[in-house]
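Enquirer: File coords-v3.cif below, mmCIF, C-alpha atoms and all ligand atoms:
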data_data
#
loop_
_atom_site.label_atom_id
_atom_site.label_comp_id
_atom_site.auth_asym_id
_atom_site.auth_seq_id
_atom_site.Cartn_x
_atom_site.Cartn_y
_atom_site.Cartn_z
CA MET A 1 98.52 -12.98 -129.98
CA VAL A 2 101.37 -11.12 -131.62
CA GLY A 3 104.25 -9.48 -129.73
CA TYR A 4 104.04 -7.00 -126.86
CA ASN A 5 103.13 -3.50 -127.85
CA GLY A 6 104.71 -1.85 -124.81
CA ASN A 7 105.38 1.85 -124.39
CA PHE A 8 109.16 1.54 -124.22
CA PRO A 9 111.21 4.52 -123.02
CA THR A 10 113.97 3.60 -125.48
CA PRO A 11 113.51 2.15 -128.97
CA LEU A 12 113.33 -1.62 -129.03
CA ALA A 13 116.63 -3.35 -129.88
CA GLU A 14 116.46 -5.39 -133.09
CA HIS A 15 117.10 -8.66 -131.26
CA HIS A 16 114.09 -8.03 -129.00
CA LYS A 17 111.83 -7.30 -131.92
CA CYS A 18 109.87 -9.89 -133.89
CA PRO A 19 110.60 -9.62 -137.63
CA CYS A 20 106.99 -10.55 -138.42
CA CYS A 21 104.87 -8.34 -136.19
CA SER A 22 107.70 -5.90 -135.27
CA TYR A 23 106.53 -5.83 -131.64
CA ALA A 24 108.56 -7.09 -128.69
CA LEU A 25 108.95 -10.88 -128.88
CA ARG A 26 106.24 -12.86 -127.14
CA ASP A 27 107.19 -16.46 -126.28
CA PRO A 28 110.14 -16.23 -128.68
CA LEU A 29 111.40 -19.14 -130.70
CA GLN A 30 114.85 -19.27 -132.19
CA THR A 31 115.51 -20.70 -135.62
CA GLU A 32 118.60 -22.64 -136.57
CA CYS A 33 119.72 -19.65 -138.61
CA GLY A 34 119.83 -17.69 -135.35
CA HIS A 35 116.74 -15.51 -135.67
CA ARG A 36 113.94 -15.01 -133.21
CA ILE A 37 110.23 -14.87 -133.80
CA CYS A 38 107.08 -14.88 -131.64
CA LYS A 39 105.53 -18.30 -131.12
CA GLU A 40 102.25 -17.19 -132.67
CA CYS A 41 103.89 -15.40 -135.56
CA TYR A 42 105.80 -18.60 -136.29
CA ALA A 43 102.59 -20.64 -136.23
CA ASP A 44 101.11 -18.10 -138.59
CA LEU A 45 104.00 -18.50 -141.04
CA GLN A 46 103.58 -22.27 -140.84
CA ARG A 47 99.88 -22.02 -141.65
CA LYS A 48 100.62 -19.90 -144.67
CA SER A 49 103.43 -22.10 -145.96
CA GLY A 50 101.33 -25.26 -146.31
CA LYS A 51 101.52 -28.80 -145.00
CA THR A 52 105.22 -29.42 -144.60
CA GLY A 53 105.51 -27.11 -141.61
CA GLN A 54 108.62 -25.49 -142.98
CA ILE A 55 108.93 -21.73 -143.13
CA ILE A 56 111.09 -19.21 -144.89
CA CYS A 57 113.02 -17.17 -142.29
CA PRO A 58 111.63 -13.63 -142.58
CA VAL A 59 115.08 -12.18 -141.88
CA ASP A 60 117.46 -14.03 -144.20
CA GLY A 61 115.17 -16.14 -146.38
CA SER A 62 116.61 -19.50 -145.43
CA ILE A 63 114.37 -22.56 -145.21
CA VAL A 64 113.64 -23.58 -141.61
CA LEU A 65 112.20 -27.02 -140.83
CA PRO A 66 110.06 -27.65 -137.73
CA HIS A 67 112.86 -29.51 -135.90
CA GLN A 68 115.14 -26.50 -136.41
CA VAL A 69 113.08 -24.23 -134.18
CA PHE A 70 113.45 -24.01 -130.38
CA PRO A 71 111.90 -21.99 -127.56
CA ASP A 72 114.32 -19.23 -126.59
CA MET A 73 113.98 -18.93 -122.84
CA TYR A 74 116.87 -16.53 -122.56
CA ALA A 75 115.33 -14.08 -124.99
CA LYS A 76 111.98 -14.50 -123.30
CA ARG A 77 113.44 -13.50 -119.92
CA GLU A 78 115.27 -10.58 -121.46
CA VAL A 79 112.17 -9.23 -123.14
CA LEU A 80 109.97 -9.67 -120.07
CA ASN A 81 112.52 -7.69 -118.05
CA LEU A 82 112.48 -4.71 -120.43
CA PRO A 83 111.44 -1.51 -118.67
CA THR A 84 108.28 0.04 -120.01
CA TYR A 85 105.89 2.87 -119.32
CA CYS A 86 102.14 2.63 -119.23
CA MET A 87 100.53 3.15 -122.62
CA TYR A 88 98.36 5.84 -120.98
CA ARG A 89 101.39 7.84 -119.91
CA ASN A 90 100.20 10.79 -122.01
CA SER A 91 96.97 10.80 -120.04
CA GLY A 92 98.94 11.06 -116.81
CA CYS A 93 99.71 7.51 -115.66
CA GLN A 94 103.13 7.49 -114.00
CA TRP A 95 103.42 3.71 -113.85
CA GLN A 96 106.63 2.12 -115.01
CA GLY A 97 107.77 -1.43 -114.60
CA ALA A 98 109.02 -4.56 -116.30
CA LEU A 99 107.21 -5.78 -119.38
CA ARG A 100 106.14 -8.90 -117.45
CA GLU A 101 103.91 -6.69 -115.27
CA TYR A 102 102.72 -4.52 -118.10
CA GLU A 103 99.60 -6.28 -119.27
CA GLU A 104 98.36 -6.82 -115.74
CA HIS A 105 98.78 -3.11 -115.09
CA ILE A 106 96.97 -2.09 -118.28
CA VAL A 107 93.89 -4.10 -117.38
CA GLY A 108 93.42 -2.11 -114.18
CA CYS A 109 94.97 1.19 -115.19
CA GLU A 110 92.91 4.12 -113.95
CA TYR A 111 94.00 6.24 -116.87
CA GLU A 112 92.55 4.01 -119.51
CA ASP A 113 90.19 5.89 -121.77
CA ILE A 114 86.74 4.41 -121.58
CA ARG A 115 83.44 5.38 -123.08
CA CYS A 116 80.91 6.87 -120.69
CA PRO A 117 78.68 4.00 -119.47
CA ASN A 118 75.67 6.34 -119.67
CA GLY A 119 76.02 6.46 -123.44
CA CYS A 120 76.78 10.17 -123.85
CA ASN A 121 79.55 9.24 -126.33
CA GLN A 122 82.32 10.92 -124.38
CA ARG A 123 85.56 9.07 -123.74
CA LEU A 124 87.59 9.85 -120.67
CA PRO A 125 90.10 8.26 -118.29
CA LYS A 126 88.58 5.74 -115.91
CA HIS A 127 89.51 7.75 -112.83
CA LEU A 128 87.44 10.71 -114.04
CA ILE A 129 84.34 8.71 -114.91
CA GLU A 130 82.74 8.85 -111.49
CA GLN A 131 82.98 12.62 -111.35
CA HIS A 132 81.69 12.85 -114.92
CA LEU A 133 78.66 10.72 -114.11
CA LEU A 134 77.84 12.81 -111.05
CA GLN A 135 78.60 16.28 -112.31
CA SER A 136 78.86 16.73 -116.04
CA CYS A 137 77.44 13.84 -118.04
CA PRO A 138 74.66 15.28 -120.22
CA ARG A 139 72.77 12.03 -119.72
CA ARG A 140 72.88 12.00 -115.92
CA LEU A 141 69.43 12.11 -114.39
CA LEU A 142 68.38 15.27 -112.63
CA GLN A 143 65.13 15.75 -110.84
CA CYS A 144 62.76 18.39 -112.15
CA GLU A 145 62.27 20.61 -109.12
CA TYR A 146 58.62 21.24 -110.06
CA CYS A 147 57.17 17.85 -110.97
CA LYS A 148 59.93 15.70 -109.38
CA THR A 149 60.34 13.58 -112.51
CA LYS A 150 63.89 12.43 -113.27
CA ILE A 151 65.08 13.83 -116.57
CA PRO A 152 68.45 13.55 -118.36
CA SER A 153 70.33 16.79 -117.78
CA GLU A 154 70.51 17.60 -121.49
CA GLU A 155 66.70 17.44 -121.79
CA LEU A 156 65.83 19.42 -118.69
CA GLN A 157 65.51 22.73 -120.50
CA ASP A 158 63.09 21.24 -123.02
CA HIS A 159 61.22 19.61 -120.20
CA TYR A 160 60.70 22.95 -118.47
CA ASP A 161 58.96 24.17 -121.62
CA LYS A 162 56.27 21.57 -121.21
CA CYS A 163 56.37 20.55 -117.54
CA GLU A 164 52.81 20.76 -116.20
CA GLN A 165 54.05 22.02 -112.83
CA PHE A 166 56.39 24.66 -114.19
CA PRO A 167 55.45 28.09 -112.76
CA VAL A 168 54.22 30.59 -115.37
CA ASP A 169 52.70 34.05 -115.14
CA CYS A 170 49.22 35.02 -116.18
CA LEU A 171 49.11 35.80 -119.89
CA PHE A 172 46.76 38.73 -119.29
CA ASN A 173 49.04 40.45 -116.80
CA CYS A 174 46.59 40.43 -113.94
CA GLY A 175 49.51 40.19 -111.57
CA ALA A 176 49.11 36.50 -110.83
CA MET A 177 52.50 34.89 -111.13
CA LYS A 178 54.07 31.49 -110.73
CA ILE A 179 50.94 29.54 -111.47
CA PRO A 180 51.69 25.87 -112.20
CA ARG A 181 51.22 25.49 -115.94
CA ARG A 182 48.48 22.90 -115.59
CA LEU A 183 46.36 25.45 -113.67
CA LEU A 184 46.89 28.35 -116.03
CA GLN A 185 43.89 27.66 -118.22
CA GLN A 186 41.67 27.34 -115.19
CA HIS A 187 43.02 30.68 -113.94
CA HIS A 188 42.20 32.36 -117.23
CA GLU A 189 38.73 30.88 -117.35
CA SER A 190 37.56 31.36 -113.81
CA GLU A 191 39.80 33.62 -111.73
CA CYS A 192 41.58 36.14 -113.87
CA PRO A 193 40.05 39.64 -113.68
CA ASN A 194 41.77 40.70 -116.91
CA ALA A 195 40.54 37.79 -118.93
CA VAL A 196 36.88 38.77 -118.62
CA GLY A 197 35.47 39.35 -122.06
CA ALA A 198 38.67 38.27 -123.75
CA CYS A 199 38.86 34.96 -125.39
CA PRO A 200 41.87 33.36 -123.78
CA TYR A 201 42.09 30.61 -126.40
CA SER A 202 42.54 32.87 -129.37
CA PHE A 203 45.19 34.70 -127.40
CA ILE A 204 46.96 31.60 -126.25
CA ASP A 205 47.03 30.35 -129.81
CA HIS A 206 49.42 33.11 -130.73
CA VAL A 207 51.60 33.08 -127.67
CA ALA A 208 54.15 30.48 -126.88
CA LEU A 209 53.52 29.28 -123.36
ZN ZN B 301 105.71 -11.52 -133.68
ZN ZN B 302 117.14 -16.55 -140.27
ZN ZN B 303 98.65 3.06 -116.37
ZN ZN B 304 78.50 10.71 -119.98
ZN ZN B 305 58.77 18.85 -114.45
ZN ZN B 306 45.28 36.46 -114.70
#
I need this file expressed as structure tokens, please.

Expert:
Amino acid sequence: MVGYNGNFPTPLAEHHKCPCCSYALRDPLQTECGHRICKECYADLQRKSGKTGQIICPVDGSIVLPHQVFPDMYAKREVLNLPTYCMYRNSGCQWQGALREYEEHIVGCEYEDIRCPNGCNQRLPKHLIEQHLLQSCPRRLLQCEYCKTKIPSEELQDHYDKCEQFPVDCLFNCGAMKIPRRLLQQHHESECPNAVGACPYSFIDHVAL
């Protein structure tokens, strides 16, 4: 893991910044030439340099051997005490604290943007998700008031166009209204006074139900 990518209220001082990853030093090491580098970034340099374990200091170019590198506890404390804001401050999180508490906060931050778990492709802050799922997610299930089937909100309108229980009016204007769709044909065939003599099928063919 490279350095800390905190949301610092003031620009990071050079001596708190890793010359490799340019984030705030994480588990800093100090080289004999007096420069600091994240533990992992150092390991990375070592891997790239080959078997000897020596690295070229990224700041001044001097050769640094493994026994010339030491954990820098002082720098570590300094960096962990840096004040920082939450990275979701722009979304409204007012949290501020020391860098040492930062990552723990981020994991639980209510302002983190997450994708809707219903799969509607919207992203929104965690604390608004519950309301979204209940009130505005296009994929939330609503019950069709006519057939009682549960239908995703965004498909309800289409469903009404074919729901067998949806109330429709007689196509021959006999005055019968709000007949469940599944009974409409029966109405035309056996009850409707206006349909006598007419062929309801040829008519229906040309009319969208
Ligand atoms: Zn680094
Ligand atoms: Zn150096
Ligand atoms: Zn936060
Ligand atoms: Zn959604
Ligand atoms: Zn229905
Ligand atoms: Zn009728």

Enquirer: Let me see if you get this right: every residue at most 7 Å from ligand ZN 301 (chain B), counting all atoms listed in the file, written as a PyMOL selection string.

Expert: chain A and resi 2-3+18-23+25-26+37-38+40-41

Enquirer: Print the selection's residues with C-alpha atoms to a file, as a PDB file, in the frame of the given file.

Expert:
ATOM      1  CA  VAL A   2     101.370 -11.120-131.620  1.00  0.00           C
ATOM      2  CA  GLY A   3     104.250  -9.480-129.730  1.00  0.00           C
ATOM      3  CA  CYS A  18     109.870  -9.890-133.890  1.00  0.00           C
ATOM      4  CA  PRO A  19     110.600  -9.620-137.630  1.00  0.00           C
ATOM      5  CA  CYS A  20     106.990 -10.550-138.420  1.00  0.00           C
ATOM      6  CA  CYS A  21     104.870  -8.340-136.190  1.00  0.00           C
ATOM      7  CA  SER A  22     107.700  -5.900-135.270  1.00  0.00           C
ATOM      8  CA  TYR A  23     106.530  -5.830-131.640  1.00  0.00           C
ATOM      9  CA  LEU A  25     108.950 -10.880-128.880  1.00  0.00           C
ATOM     10  CA  ARG A  26     106.240 -12.860-127.140  1.00  0.00           C
ATOM     11  CA  ILE A  37     110.230 -14.870-133.800  1.00  0.00           C
ATOM     12  CA  CYS A  38     107.080 -14.880-131.640  1.00  0.00           C
ATOM     13  CA  GLU A  40     102.250 -17.190-132.670  1.00  0.00           C
ATOM     14  CA  CYS A  41     103.890 -15.400-135.560  1.00  0.00           C
TER      15      CYS A  41
END

Enquirer: Tell me, counting only C-alpha atoms and all ligand atoms, for each residue of chain A within 8 Å of ligand ZN 305 (chain B), which pair of atoms is nearest and how far apart they are in Å to one decimal, in rows ordered by chain and increasing number, as a Markdown table.

Expert:
| residue | atom | partner | partner_atom | distance |
| --- | --- | --- | --- | --- |
| A:Gln143 | CA | B:ZN305 | ZN | 7.9 |
| A:Cys144 | CA | B:ZN305 | ZN | 4.6 |
| A:Glu145 | CA | B:ZN305 | ZN | 6.6 |
| A:Tyr146 | CA | B:ZN305 | ZN | 5.0 |
| A:Cys147 | CA | B:ZN305 | ZN | 4.0 |
| A:Lys148 | CA | B:ZN305 | ZN | 6.1 |
| A:Thr149 | CA | B:ZN305 | ZN | 5.8 |
| A:His159 | CA | B:ZN305 | ZN | 6.3 |
| A:Tyr160 | CA | B:ZN305 | ZN | 6.1 |
| A:Lys162 | CA | B:ZN305 | ZN | 7.7 |
| A:Cys163 | CA | B:ZN305 | ZN | 4.3 |
| A:Glu164 | CA | B:ZN305 | ZN | 6.5 |
| A:Gln165 | CA | B:ZN305 | ZN | 5.9 |
| A:Phe166 | CA | B:ZN305 | ZN | 6.3 |

Enquirer: Pick out the residues sitting within 12 Å of A:Pro11, and hand them over as a PDB file with C-alpha atoms, in the frame of the given file; count all atoms listed in the file, and ignore anything fewer than 5 positions along from it in its own chain.

Expert:
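Below is the file selection.pdb, written as the result:
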ATOM      1  CA  ASN A   5     103.130  -3.500-127.850  1.00  0.00           C
ATOM      2  CA  GLY A   6     104.710  -1.850-124.810  1.00  0.00           C
ATOM      3  CA  HIS A  16     114.090  -8.030-129.000  1.00  0.00           C
ATOM      4  CA  LYS A  17     111.830  -7.300-131.920  1.00  0.00           C
ATOM      5  CA  SER A  22     107.700  -5.900-135.270  1.00  0.00           C
ATOM      6  CA  TYR A  23     106.530  -5.830-131.640  1.00  0.00           C
ATOM      7  CA  ALA A  24     108.560  -7.090-128.690  1.00  0.00           C
ATOM      8  CA  LEU A  82     112.480  -4.710-120.430  1.00  0.00           C
ATOM      9  CA  PRO A  83     111.440  -1.510-118.670  1.00  0.00           C
ATOM     10  CA  THR A  84     108.280   0.040-120.010  1.00  0.00           C
TER      11      THR A  84
END

Enquirer: Can you pull out every residue within 9 Å of A:His15, counting all atoms listed in the file, but drop anything in the same chain fewer than 4 positions away, and send it as number ranges by chain?

Expert: A: 25, 35-36, 75

Enquirer: With C-alpha atoms kept, could you save the residues just selected as an mmCIF file, keeping the file's coordinate frame?

Expert:
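Dumped to selection_4.cif:
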data_model
loop_
_atom_site.group_PDB
_atom_site.id
_atom_site.type_symbol
_atom_site.label_atom_id
_atom_site.label_comp_id
_atom_site.auth_asym_id
_atom_site.auth_seq_id
_atom_site.Cartn_x
_atom_site.Cartn_y
_atom_site.Cartn_z
ATOM 1 C CA LEU A 25 108.950 -10.880 -128.880
ATOM 2 C CA HIS A 35 116.740 -15.510 -135.670
ATOM 3 C CA ARG A 36 113.940 -15.010 -133.210
ATOM 4 C CA ALA A 75 115.330 -14.080 -124.990
#

Enquirer: Got a sec: who's within 12 Å of A:Gly108, counting only C-alpha atoms, leaving out chain neighbours fewer than 6 positions off, as a compact mmCIF listing (two decimals) with C-alpha atoms, in the coordinates of the input?

Expert:
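Result file follows (out_10.txt):
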# COMPACT_ATOMS: atom_id res chain seq x y z
CA CYS A 86 102.14 2.63 -119.23
CA TYR A 88 98.36 5.84 -120.98
CA CYS A 93 99.71 7.51 -115.66
CA TRP A 95 103.42 3.71 -113.85
CA GLU A 101 103.91 -6.69 -115.27
CA TYR A 102 102.72 -4.52 -118.10
CA ILE A 114 86.74 4.41 -121.58
CA PRO A 125 90.10 8.26 -118.29
CA LYS A 126 88.58 5.74 -115.91
CA HIS A 127 89.51 7.75 -112.83

Enquirer: Name the closest residue to ligand ZN 303 (chain B) among the candidates A:Cys170, A:Cys116, A:Cys109, A:Leu184; distances are taken between atoms, counting only C-alpha atoms and all ligand atoms.

Expert: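 Of all the options, A:Cys109 lies closest to ligand ZN 303 (chain B).
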
Enquirer: Could you state the separation of atom CA of A:Arg100 and atom ZN of ligand ZN 302 (chain B) in Å, given to one decimal place?

Expert: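 A separation of 26.5 Å between them.
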
Enquirer: Take atom CA of A:Phe70 and atom CA of A:Ser49 and report the distance between them in Å, one decimal.

Expert: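 Between these atoms lies a distance of 18.6 Å.
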
Enquirer: Considering all atoms listed in the file, tabulate each residue of chain A that lies at most 6 Å from ligand ZN 302 (chain B) along with its nearest interatomic pair and the corresponding distance in Å to one decimal; arrange the rows by chain and ascending residue number and present them as CSV.

Expert:
residue,atom,partner,partner_atom,distance
A:Cys33,CA,B:ZN302,ZN,4.4
A:Gly34,CA,B:ZN302,ZN,5.7
A:His35,CA,B:ZN302,ZN,4.7
A:Cys57,CA,B:ZN302,ZN,4.6
A:Val59,CA,B:ZN302,ZN,5.1
A:Asp60,CA,B:ZN302,ZN,4.7
A:Ser62,CA,B:ZN302,ZN,6.0

Enquirer: To one decimal in Å, tell me the separation between atom CA of A:Leu142 and atom CA of A:Asn118.

Expert: 13.5 Å

Enquirer: Counting only C-alpha atoms and all ligand atoms, figure out which residue out of A:Tyr74, A:Phe172, A:Tyr111, A:Tyr85 gets nearest to ligand ZN 306 (chain B).

Expert: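 Smallest distance to ligand ZN 306 (chain B) is found for A:Phe172.
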
Enquirer: Would you list the contacts of A:Pro71 as a VMD selection string, taking every protein, DNA or RNA residue within 10 Å and counting only C-alpha atoms, but skipping same-chain residues closer than 5 positions in sequence?

Expert: chain A and resid 27 to 31 36 to 39 76

Enquirer: Output requested as a tab-separated table (two decimals), keeping the file's coordinate frame - stretch 12-45 of chain A, filled out with N, CA and C atoms.

Expert:
chain	number	residue	atom	x	y	z
A	12	LEU	N	113.11	-0.19	-129.19
A	12	LEU	CA	113.33	-1.62	-129.03
A	12	LEU	C	114.57	-2.05	-129.82
A	13	ALA	N	115.46	-2.81	-129.16
A	13	ALA	CA	116.63	-3.35	-129.88
A	13	ALA	C	116.15	-4.37	-130.91
A	14	GLU	N	116.87	-4.47	-132.01
A	14	GLU	CA	116.46	-5.39	-133.09
A	14	GLU	C	116.29	-6.82	-132.59
A	15	HIS	N	117.17	-7.26	-131.69
A	15	HIS	CA	117.10	-8.66	-131.26
A	15	HIS	C	115.99	-8.91	-130.23
A	16	HIS	N	115.28	-7.85	-129.86
A	16	HIS	CA	114.09	-8.03	-129.00
A	16	HIS	C	112.81	-7.87	-129.80
A	17	LYS	N	112.98	-7.62	-131.08
A	17	LYS	CA	111.83	-7.30	-131.92
A	17	LYS	C	111.52	-8.47	-132.84
A	18	CYS	N	110.26	-8.80	-132.99
A	18	CYS	CA	109.87	-9.89	-133.89
A	18	CYS	C	109.88	-9.37	-135.33
A	19	PRO	N	110.54	-10.08	-136.24
A	19	PRO	CA	110.60	-9.62	-137.63
A	19	PRO	C	109.25	-9.70	-138.35
A	20	CYS	N	108.31	-10.44	-137.77
A	20	CYS	CA	106.99	-10.55	-138.42
A	20	CYS	C	106.05	-9.43	-137.99
A	21	CYS	N	105.86	-9.31	-136.67
A	21	CYS	CA	104.87	-8.34	-136.19
A	21	CYS	C	105.54	-7.02	-135.79
A	22	SER	N	106.85	-7.02	-135.69
A	22	SER	CA	107.70	-5.90	-135.27
A	22	SER	C	107.39	-5.36	-133.87
A	23	TYR	N	106.68	-6.15	-133.07
A	23	TYR	CA	106.53	-5.83	-131.64
A	23	TYR	C	107.60	-6.59	-130.85
A	24	ALA	N	107.62	-6.36	-129.53
A	24	ALA	CA	108.56	-7.09	-128.69
A	24	ALA	C	108.17	-8.57	-128.66
A	25	LEU	N	109.18	-9.43	-128.77
A	25	LEU	CA	108.95	-10.88	-128.88
A	25	LEU	C	108.08	-11.44	-127.75
A	26	ARG	N	107.06	-12.17	-128.13
A	26	ARG	CA	106.24	-12.86	-127.14
A	26	ARG	C	106.46	-14.36	-127.31
A	27	ASP	N	106.86	-15.03	-126.22
A	27	ASP	CA	107.19	-16.46	-126.28
A	27	ASP	C	108.10	-16.76	-127.48
A	28	PRO	N	109.29	-16.13	-127.48
A	28	PRO	CA	110.14	-16.23	-128.68
A	28	PRO	C	110.64	-17.64	-128.95
A	29	LEU	N	110.75	-17.93	-130.23
A	29	LEU	CA	111.40	-19.14	-130.70
A	29	LEU	C	112.66	-18.71	-131.44
A	30	GLN	N	113.67	-19.57	-131.40
A	30	GLN	CA	114.85	-19.27	-132.19
A	30	GLN	C	115.00	-20.30	-133.29
A	31	THR	N	115.32	-19.80	-134.47
A	31	THR	CA	115.51	-20.70	-135.62
A	31	THR	C	116.97	-21.12	-135.69
A	32	GLU	N	117.23	-22.17	-136.45
A	32	GLU	CA	118.60	-22.64	-136.57
A	32	GLU	C	119.51	-21.58	-137.20
A	33	CYS	N	118.90	-20.72	-138.02
A	33	CYS	CA	119.72	-19.65	-138.61
A	33	CYS	C	119.95	-18.50	-137.64
A	34	GLY	N	119.48	-18.65	-136.38
A	34	GLY	CA	119.83	-17.69	-135.35
A	34	GLY	C	118.89	-16.51	-135.22
A	35	HIS	N	117.67	-16.62	-135.77
A	35	HIS	CA	116.74	-15.51	-135.67
A	35	HIS	C	115.59	-15.84	-134.74
A	36	ARG	N	115.00	-14.81	-134.20
A	36	ARG	CA	113.94	-15.01	-133.21
A	36	ARG	C	112.61	-14.51	-133.75
A	37	ILE	N	111.57	-15.16	-133.28
A	37	ILE	CA	110.23	-14.87	-133.80
A	37	ILE	C	109.21	-15.26	-132.72
A	38	CYS	N	108.12	-14.53	-132.61
A	38	CYS	CA	107.08	-14.88	-131.64
A	38	CYS	C	106.51	-16.27	-131.97
A	39	LYS	N	106.11	-16.98	-130.93
A	39	LYS	CA	105.53	-18.30	-131.12
A	39	LYS	C	104.32	-18.25	-132.08
A	40	GLU	N	103.47	-17.28	-131.84
A	40	GLU	CA	102.25	-17.19	-132.67
A	40	GLU	C	102.57	-16.74	-134.09
A	41	CYS	N	103.53	-15.85	-134.22
A	41	CYS	CA	103.89	-15.40	-135.56
A	41	CYS	C	104.48	-16.56	-136.35
A	42	TYR	N	105.24	-17.41	-135.64
A	42	TYR	CA	105.80	-18.60	-136.29
A	42	TYR	C	104.66	-19.52	-136.75
A	43	ALA	N	103.72	-19.77	-135.87
A	43	ALA	CA	102.59	-20.64	-136.23
A	43	ALA	C	101.85	-20.07	-137.44
A	44	ASP	N	101.77	-18.77	-137.48
A	44	ASP	CA	101.11	-18.10	-138.59
A	44	ASP	C	101.85	-18.36	-139.91
A	45	LEU	N	103.18	-18.24	-139.85
A	45	LEU	CA	104.00	-18.50	-141.04
A	45	LEU	C	103.82	-19.95	-141.50
